[in-house]
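model31.pdb (PDB, C-alpha atoms, pLDDT in the B column)
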```pdb
ATOM      1  CA  MET A   1     -61.325 131.031  99.815  1.00 38.00           C
ATOM      2  CA  LYS A   2     -60.350 128.302  97.423  1.00 35.00           C
ATOM      3  CA  LYS A   3     -59.029 130.818  94.923  1.00 39.00           C
ATOM      4  CA  GLY A   4     -57.039 132.541  97.664  1.00 42.00           C
ATOM      5  CA  LEU A   5     -55.619 129.236  98.832  1.00 39.00           C
ATOM      6  CA  THR A   6     -54.680 128.355  95.275  1.00 40.00           C
ATOM      7  CA  VAL A   7     -52.801 131.615  94.884  1.00 39.00           C
ATOM      8  CA  VAL A   8     -50.912 130.989  98.133  1.00 38.00           C
ATOM      9  CA  ILE A   9     -49.973 127.478  97.030  1.00 38.00           C
ATOM     10  CA  LEU A  10     -48.769 128.791  93.691  1.00 40.00           C
ATOM     11  CA  LEU A  11     -46.667 131.456  95.395  1.00 40.00           C
ATOM     12  CA  ILE A  12     -45.138 128.861  97.693  1.00 39.00           C
ATOM     13  CA  ALA A  13     -44.389 126.588  94.757  1.00 41.00           C
ATOM     14  CA  LEU A  14     -42.827 129.477  92.851  1.00 38.00           C
ATOM     15  CA  THR A  15     -40.676 130.401  95.854  1.00 41.00           C
ATOM     16  CA  LEU A  16     -39.499 126.834  96.279  1.00 40.00           C
ATOM     17  CA  GLY A  17     -38.808 126.599  92.589  1.00 44.00           C
ATOM     18  CA  LEU A  18     -36.666 129.726  92.690  1.00 37.00           C
ATOM     19  CA  ALA A  19     -34.853 128.415  95.743  1.00 40.00           C
ATOM     20  CA  GLY A  20     -34.198 125.191  93.883  1.00 41.00           C
ATOM     21  CA  CYS A  21     -32.762 127.147  90.966  1.00 40.00           C
ATOM     22  CA  GLY A  22     -30.469 128.973  93.361  1.00 36.00           C
ATOM     23  CA  GLN A  23     -29.176 125.710  94.741  1.00 35.00           C
ATOM     24  CA  GLU A  24     -28.223 124.590  91.257  1.00 38.00           C
ATOM     25  CA  SER A  25     -26.022 127.659  90.689  1.00 45.00           C
ATOM     26  CA  SER A  26     -22.340 127.686  91.625  1.00 66.00           C
ATOM     27  CA  GLU A  27     -21.538 127.687  95.324  1.00 91.00           C
ATOM     28  CA  LYS A  28     -19.491 130.664  96.499  1.00 95.00           C
ATOM     29  CA  LEU A  29     -16.092 130.316  98.113  1.00 97.00           C
ATOM     30  CA  ILE A  30     -14.763 133.111 100.320  1.00 98.00           C
ATOM     31  CA  VAL A  31     -11.041 133.311  99.580  1.00 98.00           C
ATOM     32  CA  GLY A  32      -8.807 135.167 102.023  1.00 98.00           C
ATOM     33  CA  THR A  33      -5.658 136.929 100.826  1.00 98.00           C
ATOM     34  CA  GLU A  34      -3.237 139.661 101.909  1.00 96.00           C
ATOM     35  CA  PRO A  35      -2.757 141.851  98.812  1.00 96.00           C
ATOM     36  CA  THR A  36       0.690 143.391  99.306  1.00 92.00           C
ATOM     37  CA  PHE A  37       2.594 140.460  97.859  1.00 93.00           C
ATOM     38  CA  PRO A  38       3.050 141.167  94.135  1.00 94.00           C
ATOM     39  CA  PRO A  39       2.887 139.565  91.680  1.00 95.00           C
ATOM     40  CA  PHE A  40       0.894 136.938  93.581  1.00 97.00           C
ATOM     41  CA  GLU A  41      -1.700 139.276  95.085  1.00 97.00           C
ATOM     42  CA  TYR A  42      -1.838 143.054  95.054  1.00 96.00           C
ATOM     43  CA  GLN A  43      -4.252 145.933  94.602  1.00 95.00           C
ATOM     44  CA  ASP A  44      -4.519 147.514  91.176  1.00 93.00           C
ATOM     45  CA  GLU A  45      -3.610 151.192  91.610  1.00 89.00           C
ATOM     46  CA  GLU A  46      -6.358 152.404  89.278  1.00 92.00           C
ATOM     47  CA  THR A  47      -9.283 150.073  89.911  1.00 94.00           C
ATOM     48  CA  LYS A  48      -8.357 149.179  93.525  1.00 92.00           C
ATOM     49  CA  GLU A  49      -9.315 145.607  92.622  1.00 96.00           C
ATOM     50  CA  ILE A  50      -7.274 142.786  94.142  1.00 98.00           C
ATOM     51  CA  VAL A  51      -5.441 141.069  91.291  1.00 97.00           C
ATOM     52  CA  GLY A  52      -2.392 138.880  90.700  1.00 97.00           C
ATOM     53  CA  PHE A  53      -1.194 135.397  89.838  1.00 98.00           C
ATOM     54  CA  ASP A  54      -2.796 133.762  92.889  1.00 98.00           C
ATOM     55  CA  ILE A  55      -6.092 135.553  92.332  1.00 98.00           C
ATOM     56  CA  GLU A  56      -6.441 134.536  88.702  1.00 98.00           C
ATOM     57  CA  LEU A  57      -5.281 131.025  89.507  1.00 98.00           C
ATOM     58  CA  ILE A  58      -7.754 130.398  92.331  1.00 98.00           C
ATOM     59  CA  LYS A  59     -10.583 131.778  90.190  1.00 98.00           C
ATOM     60  CA  ALA A  60      -9.635 129.394  87.375  1.00 98.00           C
ATOM     61  CA  ILE A  61      -9.361 126.466  89.819  1.00 98.00           C
ATOM     62  CA  ALA A  62     -12.702 127.319  91.406  1.00 98.00           C
ATOM     63  CA  GLU A  63     -14.406 127.578  88.023  1.00 97.00           C
ATOM     64  CA  GLU A  64     -13.201 124.095  87.113  1.00 97.00           C
ATOM     65  CA  ALA A  65     -14.454 122.832  90.494  1.00 97.00           C
ATOM     66  CA  GLY A  66     -17.867 124.479  90.105  1.00 96.00           C
ATOM     67  CA  TYR A  67     -17.464 127.383  92.513  1.00 97.00           C
ATOM     68  CA  GLU A  68     -17.668 131.152  92.339  1.00 96.00           C
ATOM     69  CA  VAL A  69     -15.079 133.196  94.232  1.00 97.00           C
ATOM     70  CA  GLU A  70     -15.320 136.183  96.535  1.00 97.00           C
ATOM     71  CA  ILE A  71     -11.971 137.706  97.537  1.00 98.00           C
ATOM     72  CA  GLN A  72     -11.567 138.980 101.098  1.00 97.00           C
ATOM     73  CA  ASN A  73      -8.703 141.279 102.114  1.00 97.00           C
ATOM     74  CA  LEU A  74      -7.123 140.181 105.414  1.00 97.00           C
ATOM     75  CA  GLY A  75      -3.841 140.600 107.269  1.00 94.00           C
ATOM     76  CA  PHE A  76      -1.477 137.717 106.528  1.00 94.00           C
ATOM     77  CA  ASP A  77      -1.091 136.777 110.189  1.00 93.00           C
ATOM     78  CA  GLY A  78      -4.883 136.550 110.517  1.00 96.00           C
ATOM     79  CA  LEU A  79      -5.554 134.253 107.568  1.00 97.00           C
ATOM     80  CA  ILE A  80      -5.259 130.912 109.367  1.00 97.00           C
ATOM     81  CA  GLY A  81      -7.409 132.144 112.245  1.00 97.00           C
ATOM     82  CA  ALA A  82     -10.075 133.332 109.789  1.00 98.00           C
ATOM     83  CA  LEU A  83     -10.037 129.936 108.085  1.00 98.00           C
ATOM     84  CA  LYS A  84     -10.303 128.002 111.328  1.00 97.00           C
ATOM     85  CA  SER A  85     -13.175 130.179 112.535  1.00 97.00           C
ATOM     86  CA  GLY A  86     -15.095 129.688 109.284  1.00 96.00           C
ATOM     87  CA  ASN A  87     -14.956 133.332 108.184  1.00 97.00           C
ATOM     88  CA  ILE A  88     -13.256 132.274 104.946  1.00 98.00           C
ATOM     89  CA  ASP A  89     -13.247 128.990 103.021  1.00 98.00           C
ATOM     90  CA  VAL A  90      -9.832 129.085 101.369  1.00 98.00           C
ATOM     91  CA  ILE A  91      -6.475 130.801 101.864  1.00 98.00           C
ATOM     92  CA  MET A  92      -4.733 131.823  98.641  1.00 98.00           C
ATOM     93  CA  SER A  93      -1.958 134.207  99.563  1.00 97.00           C
ATOM     94  CA  GLY A  94       1.499 133.015  98.586  1.00 95.00           C
ATOM     95  CA  MET A  95       1.477 130.855 101.705  1.00 96.00           C
ATOM     96  CA  THR A  96       4.425 128.515 102.131  1.00 94.00           C
ATOM     97  CA  ILE A  97       3.587 124.959 103.126  1.00 96.00           C
ATOM     98  CA  THR A  98       5.295 124.255 106.457  1.00 94.00           C
ATOM     99  CA  PRO A  99       4.938 121.438 109.019  1.00 94.00           C
ATOM    100  CA  GLU A 100       3.716 123.954 111.611  1.00 95.00           C
ATOM    101  CA  ARG A 101       0.967 125.275 109.337  1.00 96.00           C
ATOM    102  CA  GLU A 102       0.006 121.747 108.281  1.00 97.00           C
ATOM    103  CA  GLU A 103      -0.927 121.092 111.919  1.00 97.00           C
ATOM    104  CA  GLU A 104      -3.567 123.842 111.665  1.00 97.00           C
ATOM    105  CA  VAL A 105      -4.886 123.658 108.073  1.00 98.00           C
ATOM    106  CA  ASP A 106      -4.993 121.284 105.108  1.00 98.00           C
ATOM    107  CA  PHE A 107      -2.938 122.347 102.088  1.00 98.00           C
ATOM    108  CA  GLY A 108      -3.730 121.528  98.499  1.00 98.00           C
ATOM    109  CA  THR A 109      -1.237 120.319  95.909  1.00 98.00           C
ATOM    110  CA  PRO A 110       1.723 122.756  95.796  1.00 97.00           C
ATOM    111  CA  TYR A 111       1.256 125.198  92.925  1.00 97.00           C
ATOM    112  CA  PHE A 112       4.465 127.268  92.989  1.00 96.00           C
ATOM    113  CA  ASP A 113       8.131 126.726  93.888  1.00 91.00           C
ATOM    114  CA  ALA A 114       9.756 129.662  95.650  1.00 90.00           C
ATOM    115  CA  GLY A 115      12.560 130.385  98.115  1.00 92.00           C
ATOM    116  CA  LEU A 116      13.819 132.967 100.584  1.00 96.00           C
ATOM    117  CA  MET A 117      16.568 135.429  99.689  1.00 96.00           C
ATOM    118  CA  VAL A 118      18.242 138.444 101.239  1.00 98.00           C
ATOM    119  CA  ALA A 119      17.626 141.833  99.619  1.00 98.00           C
ATOM    120  CA  VAL A 120      19.666 144.972 100.312  1.00 98.00           C
ATOM    121  CA  PRO A 121      20.064 148.460  98.862  1.00 98.00           C
ATOM    122  CA  THR A 122      22.029 148.410  95.619  1.00 97.00           C
ATOM    123  CA  ASP A 123      24.762 150.633  97.032  1.00 96.00           C
ATOM    124  CA  ASN A 124      25.377 148.281  99.956  1.00 96.00           C
ATOM    125  CA  THR A 125      28.787 146.641  99.571  1.00 95.00           C
ATOM    126  CA  THR A 126      29.138 145.008 102.988  1.00 96.00           C
ATOM    127  CA  ILE A 127      26.299 142.448 102.772  1.00 97.00           C
ATOM    128  CA  ASN A 128      26.968 139.832 100.122  1.00 97.00           C
ATOM    129  CA  SER A 129      25.324 136.810 101.745  1.00 95.00           C
ATOM    130  CA  VAL A 130      23.369 135.776 104.825  1.00 95.00           C
ATOM    131  CA  ASP A 131      26.675 135.385 106.669  1.00 94.00           C
ATOM    132  CA  ASP A 132      27.205 139.152 106.462  1.00 96.00           C
ATOM    133  CA  LEU A 133      24.052 139.950 108.466  1.00 96.00           C
ATOM    134  CA  ASP A 134      25.979 139.747 111.737  1.00 95.00           C
ATOM    135  CA  GLY A 135      25.213 142.890 113.721  1.00 95.00           C
ATOM    136  CA  LYS A 136      22.670 144.060 111.124  1.00 97.00           C
ATOM    137  CA  SER A 137      18.937 144.832 111.247  1.00 97.00           C
ATOM    138  CA  VAL A 138      16.449 142.945 109.071  1.00 98.00           C
ATOM    139  CA  ALA A 139      12.886 143.830 108.038  1.00 98.00           C
ATOM    140  CA  VAL A 140      10.241 141.142 107.472  1.00 98.00           C
ATOM    141  CA  GLN A 141       6.482 140.784 107.113  1.00 96.00           C
ATOM    142  CA  ILE A 142       4.731 139.428 110.189  1.00 95.00           C
ATOM    143  CA  GLY A 143       3.630 135.799 110.008  1.00 93.00           C
ATOM    144  CA  THR A 144       5.793 134.878 107.013  1.00 94.00           C
ATOM    145  CA  THR A 145       8.532 132.283 106.628  1.00 94.00           C
ATOM    146  CA  GLY A 146      10.885 135.211 106.063  1.00 95.00           C
ATOM    147  CA  ALA A 147      10.047 136.364 109.585  1.00 96.00           C
ATOM    148  CA  GLU A 148      10.659 132.863 110.925  1.00 95.00           C
ATOM    149  CA  LYS A 149      14.046 132.661 109.191  1.00 96.00           C
ATOM    150  CA  ALA A 150      15.061 136.086 110.504  1.00 97.00           C
ATOM    151  CA  GLU A 151      14.182 135.047 114.060  1.00 97.00           C
ATOM    152  CA  GLU A 152      16.212 131.848 113.625  1.00 96.00           C
ATOM    153  CA  LEU A 153      19.198 133.908 112.503  1.00 96.00           C
ATOM    154  CA  LYS A 154      18.747 136.265 115.446  1.00 96.00           C
ATOM    155  CA  GLU A 155      18.640 133.363 117.913  1.00 96.00           C
ATOM    156  CA  ALA A 156      21.809 132.015 116.297  1.00 94.00           C
ATOM    157  CA  GLY A 157      23.485 135.384 116.787  1.00 94.00           C
ATOM    158  CA  LEU A 158      23.688 136.146 113.055  1.00 92.00           C
ATOM    159  CA  VAL A 159      21.224 139.062 113.089  1.00 96.00           C
ATOM    160  CA  LYS A 160      21.137 141.883 115.626  1.00 96.00           C
ATOM    161  CA  GLU A 161      17.546 143.078 115.200  1.00 97.00           C
ATOM    162  CA  VAL A 162      14.381 141.887 113.449  1.00 98.00           C
ATOM    163  CA  LYS A 163      11.709 144.466 112.620  1.00 98.00           C
ATOM    164  CA  THR A 164       8.280 143.136 111.633  1.00 97.00           C
ATOM    165  CA  PHE A 165       5.670 144.967 109.582  1.00 97.00           C
ATOM    166  CA  ASP A 166       2.103 144.226 108.544  1.00 94.00           C
ATOM    167  CA  THR A 167       2.670 144.559 104.794  1.00 94.00           C
ATOM    168  CA  MET A 168       5.428 143.911 102.298  1.00 94.00           C
ATOM    169  CA  ASP A 169       5.117 147.495 101.064  1.00 95.00           C
ATOM    170  CA  ALA A 170       6.094 148.696 104.530  1.00 96.00           C
ATOM    171  CA  VAL A 171       8.999 146.221 104.673  1.00 97.00           C
ATOM    172  CA  PHE A 172      10.599 147.529 101.497  1.00 97.00           C
ATOM    173  CA  LEU A 173       9.859 151.142 102.402  1.00 97.00           C
ATOM    174  CA  GLU A 174      11.992 150.643 105.517  1.00 97.00           C
ATOM    175  CA  LEU A 175      14.782 149.253 103.356  1.00 98.00           C
ATOM    176  CA  LEU A 176      14.616 152.151 100.907  1.00 97.00           C
ATOM    177  CA  ASN A 177      14.532 154.670 103.768  1.00 97.00           C
ATOM    178  CA  GLY A 178      17.670 153.132 105.222  1.00 96.00           C
ATOM    179  CA  THR A 179      16.164 152.293 108.609  1.00 97.00           C
ATOM    180  CA  VAL A 180      17.069 148.593 108.190  1.00 98.00           C
ATOM    181  CA  ASP A 181      20.046 146.926 106.546  1.00 98.00           C
ATOM    182  CA  ALA A 182      18.304 144.072 104.734  1.00 98.00           C
ATOM    183  CA  VAL A 183      15.066 142.265 103.954  1.00 98.00           C
ATOM    184  CA  ILE A 184      14.452 138.520 104.032  1.00 97.00           C
ATOM    185  CA  ASN A 185      11.605 137.561 101.745  1.00 95.00           C
ATOM    186  CA  ASP A 186      10.512 135.294  98.886  1.00 94.00           C
ATOM    187  CA  LYS A 187      12.623 135.658  95.743  1.00 93.00           C
ATOM    188  CA  PRO A 188       9.830 136.330  93.198  1.00 92.00           C
ATOM    189  CA  VAL A 189       8.359 139.074  95.381  1.00 94.00           C
ATOM    190  CA  ASN A 190      11.792 140.631  95.885  1.00 95.00           C
ATOM    191  CA  GLU A 191      12.100 140.744  92.112  1.00 94.00           C
ATOM    192  CA  VAL A 192       8.855 142.697  91.786  1.00 93.00           C
ATOM    193  CA  PHE A 193       9.985 145.335  94.284  1.00 95.00           C
ATOM    194  CA  MET A 194      13.335 145.525  92.484  1.00 96.00           C
ATOM    195  CA  ALA A 195      11.495 146.205  89.228  1.00 93.00           C
ATOM    196  CA  LYS A 196       9.299 148.855  90.896  1.00 93.00           C
ATOM    197  CA  ASN A 197      12.412 150.572  92.275  1.00 96.00           C
ATOM    198  CA  PRO A 198      14.986 150.239  89.465  1.00 96.00           C
ATOM    199  CA  GLY A 199      18.590 150.499  90.537  1.00 97.00           C
ATOM    200  CA  LYS A 200      17.741 150.718  94.242  1.00 98.00           C
ATOM    201  CA  ILE A 201      17.442 147.109  95.442  1.00 98.00           C
ATOM    202  CA  LYS A 202      19.443 143.950  94.780  1.00 98.00           C
ATOM    203  CA  MET A 203      19.438 140.367  96.042  1.00 98.00           C
ATOM    204  CA  VAL A 204      22.587 138.807  97.451  1.00 97.00           C
ATOM    205  CA  GLY A 205      23.779 135.299  98.197  1.00 96.00           C
ATOM    206  CA  ASP A 206      21.990 132.029  97.562  1.00 94.00           C
ATOM    207  CA  ILE A 207      18.440 130.898  98.248  1.00 93.00           C
ATOM    208  CA  LEU A 208      18.156 130.319 101.987  1.00 92.00           C
ATOM    209  CA  ASP A 209      15.268 127.853 101.975  1.00 84.00           C
ATOM    210  CA  GLY A 210      13.453 126.202  99.106  1.00 86.00           C
ATOM    211  CA  GLU A 211       9.707 126.615  99.535  1.00 90.00           C
ATOM    212  CA  GLN A 212       6.414 125.622  97.944  1.00 95.00           C
ATOM    213  CA  TYR A 213       3.191 127.612  98.016  1.00 97.00           C
ATOM    214  CA  GLY A 214      -0.192 125.959  98.492  1.00 98.00           C
ATOM    215  CA  PHE A 215      -3.792 127.031  98.931  1.00 98.00           C
ATOM    216  CA  ALA A 216      -5.313 125.941 102.228  1.00 98.00           C
ATOM    217  CA  VAL A 217      -8.709 124.849 103.538  1.00 98.00           C
ATOM    218  CA  ALA A 218      -9.883 124.104 107.059  1.00 98.00           C
ATOM    219  CA  SER A 219      -8.702 120.813 108.504  1.00 97.00           C
ATOM    220  CA  GLY A 220     -11.058 118.000 107.573  1.00 96.00           C
ATOM    221  CA  GLU A 221     -12.588 119.721 104.529  1.00 97.00           C
ATOM    222  CA  THR A 222     -11.606 116.729 102.409  1.00 97.00           C
ATOM    223  CA  GLU A 223     -14.275 117.075  99.726  1.00 97.00           C
ATOM    224  CA  LEU A 224     -13.469 120.735  99.068  1.00 97.00           C
ATOM    225  CA  LEU A 225      -9.738 120.001  99.015  1.00 98.00           C
ATOM    226  CA  GLU A 226     -10.186 117.172  96.511  1.00 98.00           C
ATOM    227  CA  LYS A 227     -12.327 119.357  94.237  1.00 98.00           C
ATOM    228  CA  LEU A 228      -9.784 122.176  94.287  1.00 98.00           C
ATOM    229  CA  ASN A 229      -6.877 119.787  93.672  1.00 98.00           C
ATOM    230  CA  GLU A 230      -8.754 118.356  90.696  1.00 98.00           C
ATOM    231  CA  GLY A 231      -9.426 121.900  89.526  1.00 98.00           C
ATOM    232  CA  LEU A 232      -5.707 122.710  89.689  1.00 98.00           C
ATOM    233  CA  GLU A 233      -4.906 119.625  87.618  1.00 98.00           C
ATOM    234  CA  LYS A 234      -7.410 120.708  84.969  1.00 98.00           C
ATOM    235  CA  VAL A 235      -6.058 124.262  84.914  1.00 98.00           C
ATOM    236  CA  LYS A 236      -2.552 122.908  84.346  1.00 97.00           C
ATOM    237  CA  ALA A 237      -3.703 120.426  81.701  1.00 98.00           C
ATOM    238  CA  SER A 238      -5.549 123.143  79.780  1.00 98.00           C
ATOM    239  CA  GLY A 239      -2.465 125.352  79.552  1.00 97.00           C
ATOM    240  CA  LYS A 240      -4.083 128.119  81.644  1.00 98.00           C
ATOM    241  CA  TYR A 241      -1.499 127.746  84.410  1.00 97.00           C
ATOM    242  CA  ASP A 242       1.366 128.296  81.970  1.00 96.00           C
ATOM    243  CA  GLU A 243      -0.435 131.323  80.529  1.00 97.00           C
ATOM    244  CA  LEU A 244      -0.715 132.898  83.965  1.00 97.00           C
ATOM    245  CA  LYS A 245       2.906 132.133  84.782  1.00 94.00           C
ATOM    246  CA  ALA A 246       4.021 133.771  81.524  1.00 94.00           C
ATOM    247  CA  LYS A 247       1.793 136.766  82.236  1.00 95.00           C
ATOM    248  CA  TYR A 248       3.129 137.438  85.720  1.00 94.00           C
ATOM    249  CA  PHE A 249       6.670 136.048  85.621  1.00 90.00           C
ATOM    250  CA  GLY A 250       7.573 136.036  81.932  1.00 81.00           C
ATOM    251  CA  GLU A 251       8.180 132.285  82.036  1.00 60.00           C
TER     252      GLU A 251
END
```

Starting from the file, lay out its structure as structure tokens.
Amino acid sequence: MKKGLTVVILLIALTLGLAGCGQESSEKLIVGTEPTFPPFEYQDEETKEIVGFDIELIKAIAEEAGYEVEIQNLGFDGLIGALKSGNIDVIMSGMTITPEREEEVDFGTPYFDAGLMVAVPTDNTTINSVDDLDGKSVAVQIGTTGAEKAEELKEAGLVKEVKTFDTMDAVFLELLNGTVDAVINDKPVNEVFMAKNPGKIKMVGDILDGEQYGFAVASGETELLEKLNEGLEKVKASGKYDELKAKYFGE
């Protein structure tokens, strides 16, 4: 009996020891993203892995902060809900920091400056700026600031129809198929779709709204936010941020 009890105690001690070792390893963060927004997040055609500027950046930030990362593919309009419900820990998805979103989540330090622009087919000669969208149809991705801007223009009588789609791929497919007149979307993403479809898409006019992207955590997650902000600072100081920007934007 004593020997049996000793064995049990040893097994319990071993189990606790292993559990203790597990607690010392990096904590995992579930990062939600919507991967049809190149070059920030997109699915590699060969490996089907979700890659991009945002993905590499959040992994580098998390590593500096002592976390591992698991990427979760979600619809853009469902990201904030998933964060608030605790299904994900962080949003990293080319998300513009806006006052409305700041009421629902806590954003980290802005990590990218962007802006909205109008894109049209290259052979279009009638739309040269946002002022020429009167009576025209516009495609946008649901839940984005581009969608918000298009609705504002519609309410102001400057756009006839706004068509929303779940993915940016679908938005630009509509443009290329000629079923809409224009797209309103973030400039760097427009540039990627222009490069993927040479000679078929162009941007017109000036930037409509200057924007900044930020990663987001659930409201009140102050410790996590501080760690990720510190991680971003370290990534920038090390030169890794500039490397990623050169890799994806040639800057």

task = Convert the output of the PyMOL selection byres ((chain A and resi 189) around 10) on the shown file into explicit residues, formatted as a list in words.
result = Thr36, Phe37, Pro38, Pro39, Phe40, Gly94, Ala114, Leu116, Met117, Met168, Asn185, Asp186, Lys187, Pro188, Asn190, Glu191, Val192, Phe193, Met194 and Ala195 of chain A

Running the PyMOL selection byres ((chain A and resi 231-237) around 12) on this model by hand, what would come out? Give it as a short mmCIF file (atom, residue, chain, number, x, y, z; two decimals) with C-alpha atoms, keeping the file's coordinate frame.
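Output file out-v2.cif follows:
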```
data_model
loop_
_atom_site.label_atom_id
_atom_site.label_comp_id
_atom_site.auth_asym_id
_atom_site.auth_seq_id
_atom_site.Cartn_x
_atom_site.Cartn_y
_atom_site.Cartn_z
CA ASP A 54 -2.80 133.76 92.89
CA GLU A 56 -6.44 134.54 88.70
CA LEU A 57 -5.28 131.02 89.51
CA ILE A 58 -7.75 130.40 92.33
CA LYS A 59 -10.58 131.78 90.19
CA ALA A 60 -9.64 129.39 87.38
CA ILE A 61 -9.36 126.47 89.82
CA ALA A 62 -12.70 127.32 91.41
CA GLU A 63 -14.41 127.58 88.02
CA GLU A 64 -13.20 124.10 87.11
CA ALA A 65 -14.45 122.83 90.49
CA GLY A 66 -17.87 124.48 90.10
CA TYR A 67 -17.46 127.38 92.51
CA GLY A 108 -3.73 121.53 98.50
CA THR A 109 -1.24 120.32 95.91
CA PRO A 110 1.72 122.76 95.80
CA TYR A 111 1.26 125.20 92.92
CA PHE A 112 4.46 127.27 92.99
CA GLY A 214 -0.19 125.96 98.49
CA PHE A 215 -3.79 127.03 98.93
CA LEU A 224 -13.47 120.74 99.07
CA LEU A 225 -9.74 120.00 99.02
CA GLU A 226 -10.19 117.17 96.51
CA LYS A 227 -12.33 119.36 94.24
CA LEU A 228 -9.78 122.18 94.29
CA ASN A 229 -6.88 119.79 93.67
CA GLU A 230 -8.75 118.36 90.70
CA SER A 238 -5.55 123.14 79.78
CA GLY A 239 -2.46 125.35 79.55
CA LYS A 240 -4.08 128.12 81.64
CA TYR A 241 -1.50 127.75 84.41
CA ASP A 242 1.37 128.30 81.97
CA GLU A 243 -0.44 131.32 80.53
CA LEU A 244 -0.72 132.90 83.96
CA LYS A 245 2.91 132.13 84.78
#
```

Kindly extract all protein, DNA and RNA residues lying within 12 Å of the coordinates (21.9, 141.2, 119.4) given in the file, considering all atoms listed in the file, and supply them as a compact mmCIF listing (two decimals) with C-alpha atoms, in the frame of the given file.
```
# COMPACT_ATOMS: atom_id res chain seq x y z
CA LEU A 133 24.05 139.95 108.47
CA ASP A 134 25.98 139.75 111.74
CA GLY A 135 25.21 142.89 113.72
CA LYS A 136 22.67 144.06 111.12
CA SER A 137 18.94 144.83 111.25
CA VAL A 138 16.45 142.94 109.07
CA GLU A 151 14.18 135.05 114.06
CA LEU A 153 19.20 133.91 112.50
CA LYS A 154 18.75 136.26 115.45
CA GLU A 155 18.64 133.36 117.91
CA ALA A 156 21.81 132.01 116.30
CA GLY A 157 23.48 135.38 116.79
CA LEU A 158 23.69 136.15 113.06
CA VAL A 159 21.22 139.06 113.09
CA LYS A 160 21.14 141.88 115.63
CA GLU A 161 17.55 143.08 115.20
CA VAL A 162 14.38 141.89 113.45
```

ask   = Pick from A:Met92, A:Leu74, A:Val180, A:Val140: nearest to Gly52 of chain A, with only C-alpha atoms counted?
value = A:Met92

inquiry  = When you count only C-alpha atoms, which of these residues is closest to Pro121 of chain A: A:Glu103, A:Glu27, A:Glu211, A:Glu174?
reply    =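 Among the listed residues, A:Glu174 lies closest to Pro121 of chain A.
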
Find the axis-aligned box for segment 101-106 of chain A, covering all its listed atoms and adding 3 Å on each side, and write its centre and edge lengths in Å to one decimal as JSON.
```
{"center_x": -2.0, "center_y": 123.2, "center_z": 108.5, "size_x": 12.0, "size_y": 10.2, "size_z": 12.8}
```

ask   = If you measure from atom CA of Gly75 of chain A to atom CA of Val171 of chain A, what distance in Å do you get, rounded to one decimal?
value =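 Atom CA of Val171 of chain A lies 14.3 Å from atom CA of Gly75 of chain A.
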
task = Report as a list in words the full result of the PyMOL selection byres ((chain A and resi 164) around 6) when it is applied to this structure.
result =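 Taken over the shown coordinates, the PyMOL selection byres ((chain A and resi 164) around 6) returns Ala139, Val140, Gln141, Ile142, Lys163 and Phe165 of chain A.
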
Prev. selection, C-alpha atoms, output as a CSV table (one decimal), in the frame of the given file:
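Written file, selection_17.csv:
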```csv
chain,number,residue,atom,x,y,z
A,139,ALA,CA,12.9,143.8,108.0
A,140,VAL,CA,10.2,141.1,107.5
A,141,GLN,CA,6.5,140.8,107.1
A,142,ILE,CA,4.7,139.4,110.2
A,163,LYS,CA,11.7,144.5,112.6
A,165,PHE,CA,5.7,145.0,109.6
```
